[in-house]
Amino acid sequence: MLQLVLKRVLNAVLLLATVLVLNFTLIHLAPGDPAEVIAGEMGGATEEILAAIRQQYGLDQPFHIQLGRYLGQVLQGDLGYSYYFNTSVIGLIGQRLPATLVLVITAALLSIVTGTLLGVVAARRPNGLLSHFTTIISLVGYSAPVFWTGLVLLILFASMLPWFPVSGMNDILLKNPSWWIQVWDVLHHLVLPAFTLAIIYIAQYSRLARASMLEVLGADYIRTAHAKGLSADRVVYKHGLRNAILPVITAAGLQFGNLFAGAVLVETVFNWPGLGSLAFDSILRRDYPTMLGILFFSAFMVTVANLLTDVAYGVADPRIRKR
Amino acid sequence: MLKIFSKALGGVLASTLIAASLSAAPKSGGTLIIASTQVPRHLNPAVQSGIATAVPGTQIFASPLRYDENWNPQPYLAERWEVAADGMSVTLHLNKQATFHDGKPVTSEDLAFSLMTVKQNHPFQTMFAPVSAVDTPDTHTAVIRLERPHPAILLAMSSALLPVIPKHIYGDGQDPKGHPRNADPVGSGPFKFVEMKPGEYIRLARNENYFMQGKPYLDEIIIRINRDTSSLVLSMERQEAHLWPFSASVRDIERMKKQSHLEATVDGYAAVGALNWLAFNHAKKPFDDKRVRQAISYAVDRNFITKALHRGFSTRIYGPIHPDSPYATADVEKYDVDLKKAESLLDQAGLQKKGDGMRFSLQIDYIPGSDEQQKNVAEYVKTQLRKIGINAELRASPDFPTWAKRVGGHDFDLSMDIVFNWGDPVIGVHRTYISSNIRKGVIWSNTQSYSNPRVDELLSQAAVESDMNKRKALYKEFQQIVADELPVAWINILPYHTVYHKNLRNLPTTIWGTMAPMDEVYWESQP
């Protein structure tokens, strides 16, 4: 077992190092000079000022020196210093991570629960009105771009029906609120962005749950359950759902990384102060250290999740340990 | 009876007048939320240009002077000032009541330190280039010594261009561009810094010890950053934000003007002078020929652009200086659309039509992300040029740095561009036309490679001419020459608007608009 863990950890380290070098190379191959941005987006600057900025941030060094210096920093746990925000990248990520986690976890739970329920209800009457309705909702939810969905929801539920706030995560005018008012305030701000991010996955999971449930409902053990005289609800929700939900859980695990990617657009539309909006700002401003930091952090999260899954498989299945 | 009536009338009139005067008196209190799409790097305008830093920066830091709507300098940190008869020095007498937000007094040492910091670190190097030294004969007197007369110096000491920063904080030897206090600044302006969440919001609170007695009126200013303009517009409609400066999207302005609680004004952008133009690369043939540039200019109907494309929200321009500047002249060739004349000029230049009806081909670049002002205008120019036998193709850039690299590197035929005047022509106009500023790799230098010794001479003279009328005459001749030779074809002034809640009073509409202290703004009644 120890051998398996060591092998997987070594693989993960090599993978992260490769990701780091690839990211660094690709970002530096892209056109654009961060010095121009630093000098002021509208003012322009003299060659002397641009040269001074390049020297200050080491941008005048050859590529391999910059890469070596960056790898050395990362090995010491330092993701660098943001050109644009004038602060450490780790500090920026730490500041923004909680908001993204709140958004992504809420969207994940919302999509799993709502998608599964819709799928199950539709599967009980495959040709019923609700089933057709779920199919249409799934099609629309899956086809609509996430930023468009966000804007439509904003117009409907923040402008025409002013039920929810337009942007941000908190009401900036609240003075010394109690903790429960803060929680309520965040939840109030969370509704539209979380639903926007979740809608595409609600569509996917409802189709998946419907198909899976239809298959399960035709199985012998379901017929047996009915024959034993159990109520229809008990058969569906206790015996059927337990088996039908497995593909949804598997898909949800695989989609977690995509939820982070979707958060970039949702956070931009709703001005949600998370990693997604930080990524958007840093891309626009050629803030290499912040872009690299966010990419590395995302890769690190995915690699650790994969590592833990591999180890868990090893624990569960002795055959894998011997491979 | 008549006596009683007249007494009663007098009483009514008097009470009405008193009520009117009371309602006109500024009211204290309230929070102003400013919406912005701009994310500031930090809040120290001494080492950073641009709107994102200037709007909050001018609330936190006071400058020696401020300007009114008519381009007249007004006392601010400097109660009074004298320009020497030979124009070789300026003496400033500072307000003795002025203190920084940490309680330390503002002194002439702080002013001298600030000026030299700006001179060494700000991108606008021409602002203080002629300053040789700043003497501080006493705590509240500063004498700025010049190597040559510099008529732009008073304007360069206003608002965001010369924030007076505390020497006891920024003079600790650290690099001012990366100084940690740039994100936690201490100034002497009407509002104190409270907190900044990068990319989210900036919170400022009333400076109770502001040196201008009784001001500011607002308790708090919050600058909230919205990356997406659609949600920004919604937040203005929902009254979650109250003021949106530098709004340039015609569609958004039109939509917000329909809201009963919102109003919009174009006042407050005279000094910024944001011009939209089409630049020619003189280093490439056939754009080195004046007749070709003139022909292209005659083919473009600016009225169509301003009235149809921009729905009447933008204004035509005829030259390099914003028409609200005292140095602008309208006495230049205006290039009203004339396709026959354009064709004739191209024929004279030896560019005859070929078998396919085309004379030659060219590429037009444009700044990405500003479609109304750049891409749409470029598309229109393309269709107009086809009418005179020029086959134009648009070359898109995926992002701003790519466009800047192409144009800054002189790798273009024609390019749309947006350039700011920044108050005095020395700061924002000379850089485009003076031949010593042809610098490959530097955007917003003389990227057109335009060179005319007479223009160089006129601009050099205007830079040191202290007599206003003589200076105006020099700039007039300059504008007439460039309007004839067309280093660039000027198209329109950007339709910058300040959209604001109608209950706000004393909006900042001086030449610097919202890039000036908002110490007179108040709420008639906060929504």
# chains A, B, ... in the order shown; residues from 1 in each chain; ligands from 1
$ closest_atom_pairs --of "chain B" --to "chain A" --cutoff "7 Å" --atoms "only C-alpha atoms" --output "CSV"
residue,atom,partner,partner_atom,distance
B:Arg41,CA,A:Phe85,CA,4.9
B:His42,CA,A:Phe85,CA,6.8
B:Gln48,CA,A:Gly40,CA,6.0
B:Ser49,CA,A:Gly40,CA,5.0
B:Gly50,CA,A:Met42,CA,5.5
B:Pro123,CA,A:Ala45,CA,4.5
B:Phe124,CA,A:Ala45,CA,6.7
B:Gly178,CA,A:Asn86,CA,6.6
B:Pro198,CA,A:Phe85,CA,6.9
B:Glu200,CA,A:Pro273,CA,6.4
B:Asn226,CA,A:Asn271,CA,5.8
B:Arg227,CA,A:Thr268,CA,6.0
B:Asp228,CA,A:Val269,CA,5.5
B:Ser231,CA,A:Val166,CA,6.3
B:Leu234,CA,A:Ser159,CA,6.6
B:Ser235,CA,A:Val166,CA,5.9
B:Arg238,CA,A:Ser159,CA,6.9
B:Pro401,CA,A:Gly32,CA,4.1
B:Thr402,CA,A:Gly32,CA,5.4
B:Lys405,CA,A:Gly32,CA,6.6
B:Val442,CA,A:Glu47,CA,6.5
B:Ile443,CA,A:Gly44,CA,6.1
B:Trp444,CA,A:Gly44,CA,5.7
$ write_last_selection --atoms "C-alpha atoms" --output "CSV table (one decimal), in the first residue's frame"
chain,number,residue,atom,x,y,z
B,41,ARG,CA,-3.7,48.6,-9.3
B,42,HIS,CA,-3.4,50.8,-6.2
B,48,GLN,CA,0.1,55.7,-11.7
B,49,SER,CA,-1.9,57.3,-14.4
B,50,GLY,CA,-5.5,56.3,-15.5
B,123,PRO,CA,4.3,58.1,-17.1
B,124,PHE,CA,3.6,61.7,-18.1
B,178,GLY,CA,5.6,49.2,-5.3
B,198,PRO,CA,-9.0,44.4,-4.7
B,200,GLU,CA,-14.4,44.5,-5.4
B,226,ASN,CA,-18.5,45.8,-11.7
B,227,ARG,CA,-16.7,43.9,-14.4
B,228,ASP,CA,-19.8,43.5,-16.5
B,231,SER,CA,-25.0,44.3,-14.3
B,234,LEU,CA,-28.9,47.2,-13.6
B,235,SER,CA,-27.3,48.4,-10.4
B,238,ARG,CA,-32.0,49.6,-9.0
B,401,PRO,CA,-1.6,44.2,-25.7
B,402,THR,CA,-1.6,42.7,-29.1
B,405,LYS,CA,2.4,45.8,-29.9
B,442,VAL,CA,6.1,52.8,-27.2
B,443,ILE,CA,2.3,53.1,-27.6
B,444,TRP,CA,0.8,56.6,-27.8
$ residues_around --residues "Gln363 of chain B" --least-positions-apart "5" --cutoff "6 Å" --atoms "only C-alpha atoms" --output "list in words"
Ala392, Glu393, Leu394 and Asp413 of chain B
$ residues_around --residues "Leu187 of chain A" --least-positions-apart "4" --cutoff "12 Å" --atoms "only C-alpha atoms" --output "short mmCIF file (atom, residue, chain, number, x, y, z; two decimals) with C-alpha atoms, in the first residue's frame"
data_model
loop_
_atom_site.label_atom_id
_atom_site.label_comp_id
_atom_site.auth_asym_id
_atom_site.auth_seq_id
_atom_site.Cartn_x
_atom_site.Cartn_y
_atom_site.Cartn_z
CA ALA A 99 -16.28 33.04 -2.12
CA VAL A 102 -19.37 28.89 -1.39
CA LEU A 103 -20.58 29.41 -4.97
CA THR A 106 -23.87 25.47 -3.46
CA PHE A 164 -32.48 39.70 -5.56
CA PRO A 165 -29.44 42.01 -5.58
CA GLY A 168 -21.56 41.26 -5.20
CA MET A 169 -21.60 38.91 -2.26
CA ASN A 170 -22.52 41.35 0.50
CA ASP A 171 -24.53 44.51 0.96
CA TRP A 180 -27.09 35.74 11.10
CA ILE A 181 -27.81 38.92 9.11
CA GLN A 182 -24.46 38.39 7.36
CA VAL A 183 -25.40 34.78 6.57
CA VAL A 191 -29.37 32.69 -5.20
CA LEU A 192 -28.96 34.00 -8.76
CA PRO A 193 -25.27 33.17 -9.32
CA ALA A 194 -25.62 29.69 -7.81
CA PHE A 195 -28.68 28.93 -9.92
#
$ closest_residue --among "A:Leu14, A:Leu161, A:Ile93, A:Val186" --to "Thr303 of chain A" --atoms "only C-alpha atoms"
A:Leu14
$ residues_around --residues "Thr498 of chain B" --least-positions-apart "2" --cutoff "8 Å" --atoms "only C-alpha atoms" --output "PyMOL selection string"
chain B and resi 243-247+264-267+496+500
$ select_by_dssp --residues "segment 163-204 of chain A" --states "helix (DSSP H, G or I)" --output "JSON, numbers by chain"
{"A": [179, 180, 181, 182, 183, 184, 185, 186, 187, 188, 189, 190, 191, 192, 193, 194, 195, 196, 197, 198, 199, 200, 201, 202, 203, 204]}
$ residues_around --residues "Lys284 of chain B" --least-positions-apart "6" --cutoff "12 Å" --atoms "only C-alpha atoms" --output "ChimeraX atom specification"
/B:292-293,362-363,410-414,447-450
$ atom_distance --atom1 "atom CA of Trp81 of chain B" --atom2 "atom CA of Thr136 of chain B"
14.0 Å
$ residues_around --residues "Arg311 of chain B" --least-positions-apart "2" --cutoff "12 Å" --atoms "only C-alpha atoms" --output "ChimeraX atom specification"
/B:249-254,303-309,313-315,372-373,495
$ select_by_dssp --residues "segment 271-514 of chain B" --states "strand (DSSP E or B)" --output "number ranges by chain"
B: 274-280, 315-316, 360-365, 390-395, 414-420, 488-493, 497-501, 504-505
$ write_last_selection --atoms "C-alpha atoms" --output "PDB file, in the first residue's frame"
ATOM      1  CA  ALA B 274     -10.685  61.812 -25.176  1.00  0.00           C
ATOM      2  CA  LEU B 275     -10.394  61.765 -28.977  1.00  0.00           C
ATOM      3  CA  ASN B 276     -11.243  58.939 -31.364  1.00  0.00           C
ATOM      4  CA  TRP B 277      -9.193  58.957 -34.555  1.00  0.00           C
ATOM      5  CA  LEU B 278      -7.830  57.063 -37.535  1.00  0.00           C
ATOM      6  CA  ALA B 279      -4.019  57.063 -37.635  1.00  0.00           C
ATOM      7  CA  PHE B 280      -1.901  56.714 -40.771  1.00  0.00           C
ATOM      8  CA  THR B 315     -19.385  65.024 -31.256  1.00  0.00           C
ATOM      9  CA  ARG B 316     -17.299  65.629 -34.409  1.00  0.00           C
ATOM     10  CA  PHE B 360      -4.844  49.452 -53.722  1.00  0.00           C
ATOM     11  CA  SER B 361      -5.429  47.464 -50.533  1.00  0.00           C
ATOM     12  CA  LEU B 362      -4.813  48.301 -46.902  1.00  0.00           C
ATOM     13  CA  GLN B 363      -5.441  46.968 -43.383  1.00  0.00           C
ATOM     14  CA  ILE B 364      -7.220  48.777 -40.579  1.00  0.00           C
ATOM     15  CA  ASP B 365      -6.415  47.892 -36.974  1.00  0.00           C
ATOM     16  CA  ILE B 390      -9.593  51.201 -51.789  1.00  0.00           C
ATOM     17  CA  ASN B 391      -9.868  47.601 -50.677  1.00  0.00           C
ATOM     18  CA  ALA B 392      -9.723  47.726 -46.884  1.00  0.00           C
ATOM     19  CA  GLU B 393      -9.568  44.733 -44.558  1.00  0.00           C
ATOM     20  CA  LEU B 394     -10.010  44.895 -40.819  1.00  0.00           C
ATOM     21  CA  ARG B 395      -7.304  43.246 -38.734  1.00  0.00           C
ATOM     22  CA  LEU B 414      -4.213  52.525 -40.663  1.00  0.00           C
ATOM     23  CA  SER B 415      -5.362  52.144 -37.085  1.00  0.00           C
ATOM     24  CA  MET B 416      -8.255  53.412 -35.053  1.00  0.00           C
ATOM     25  CA  ASP B 417      -7.048  54.830 -31.752  1.00  0.00           C
ATOM     26  CA  ILE B 418      -8.299  56.648 -28.663  1.00  0.00           C
ATOM     27  CA  VAL B 419      -5.926  59.218 -27.175  1.00  0.00           C
ATOM     28  CA  PHE B 420      -6.402  61.669 -24.300  1.00  0.00           C
ATOM     29  CA  VAL B 488      -4.224  61.276 -38.207  1.00  0.00           C
ATOM     30  CA  ALA B 489      -7.836  61.799 -39.294  1.00  0.00           C
ATOM     31  CA  TRP B 490      -9.731  62.979 -36.201  1.00  0.00           C
ATOM     32  CA  ILE B 491     -13.244  61.621 -36.026  1.00  0.00           C
ATOM     33  CA  ASN B 492     -15.105  62.265 -32.796  1.00  0.00           C
ATOM     34  CA  ILE B 493     -14.912  63.052 -29.111  1.00  0.00           C
ATOM     35  CA  HIS B 497     -21.093  60.841 -19.773  1.00  0.00           C
ATOM     36  CA  THR B 498     -21.491  60.950 -16.023  1.00  0.00           C
ATOM     37  CA  VAL B 499     -24.738  59.176 -15.213  1.00  0.00           C
ATOM     38  CA  TYR B 500     -26.002  60.156 -11.767  1.00  0.00           C
ATOM     39  CA  HIS B 501     -28.942  60.019  -9.401  1.00  0.00           C
ATOM     40  CA  LEU B 504     -27.344  64.400  -6.070  1.00  0.00           C
ATOM     41  CA  ARG B 505     -26.278  68.040  -6.059  1.00  0.00           C
TER      42      ARG B 505
END
$ atom_distance --atom1 "atom CA of Ala463 of chain B" --atom2 "atom CA of Pro149 of chain B"
8.0 Å
$ closest_residue --among "B:Ile153, B:Ala241, B:Leu458, B:Ala78" --to "His140 of chain B" --atoms "only C-alpha atoms"
B:Ala78
$ closest_residue --among "A:Leu230, A:Ala108, A:Ile90, A:Ala209" --to "Gly253 of chain A" --atoms "only C-alpha atoms"
A:Ala108
$ closest_atom_pairs --of "segment 78-121 of chain B" --to "segment 159-165 of chain B" --cutoff "8 Å" --atoms "only C-alpha atoms" --output "Markdown table"
| residue | atom | partner | partner_atom | distance |
| --- | --- | --- | --- | --- |
| B:Asp110 | CA | B:Ile165 | CA | 6.5 |
| B:Leu111 | CA | B:Val164 | CA | 5.7 |
| B:Phe113 | CA | B:Ile165 | CA | 7.8 |
| B:Ser114 | CA | B:Val164 | CA | 5.4 |
| B:Leu115 | CA | B:Leu162 | CA | 6.7 |
| B:Val118 | CA | B:Leu162 | CA | 7.0 |
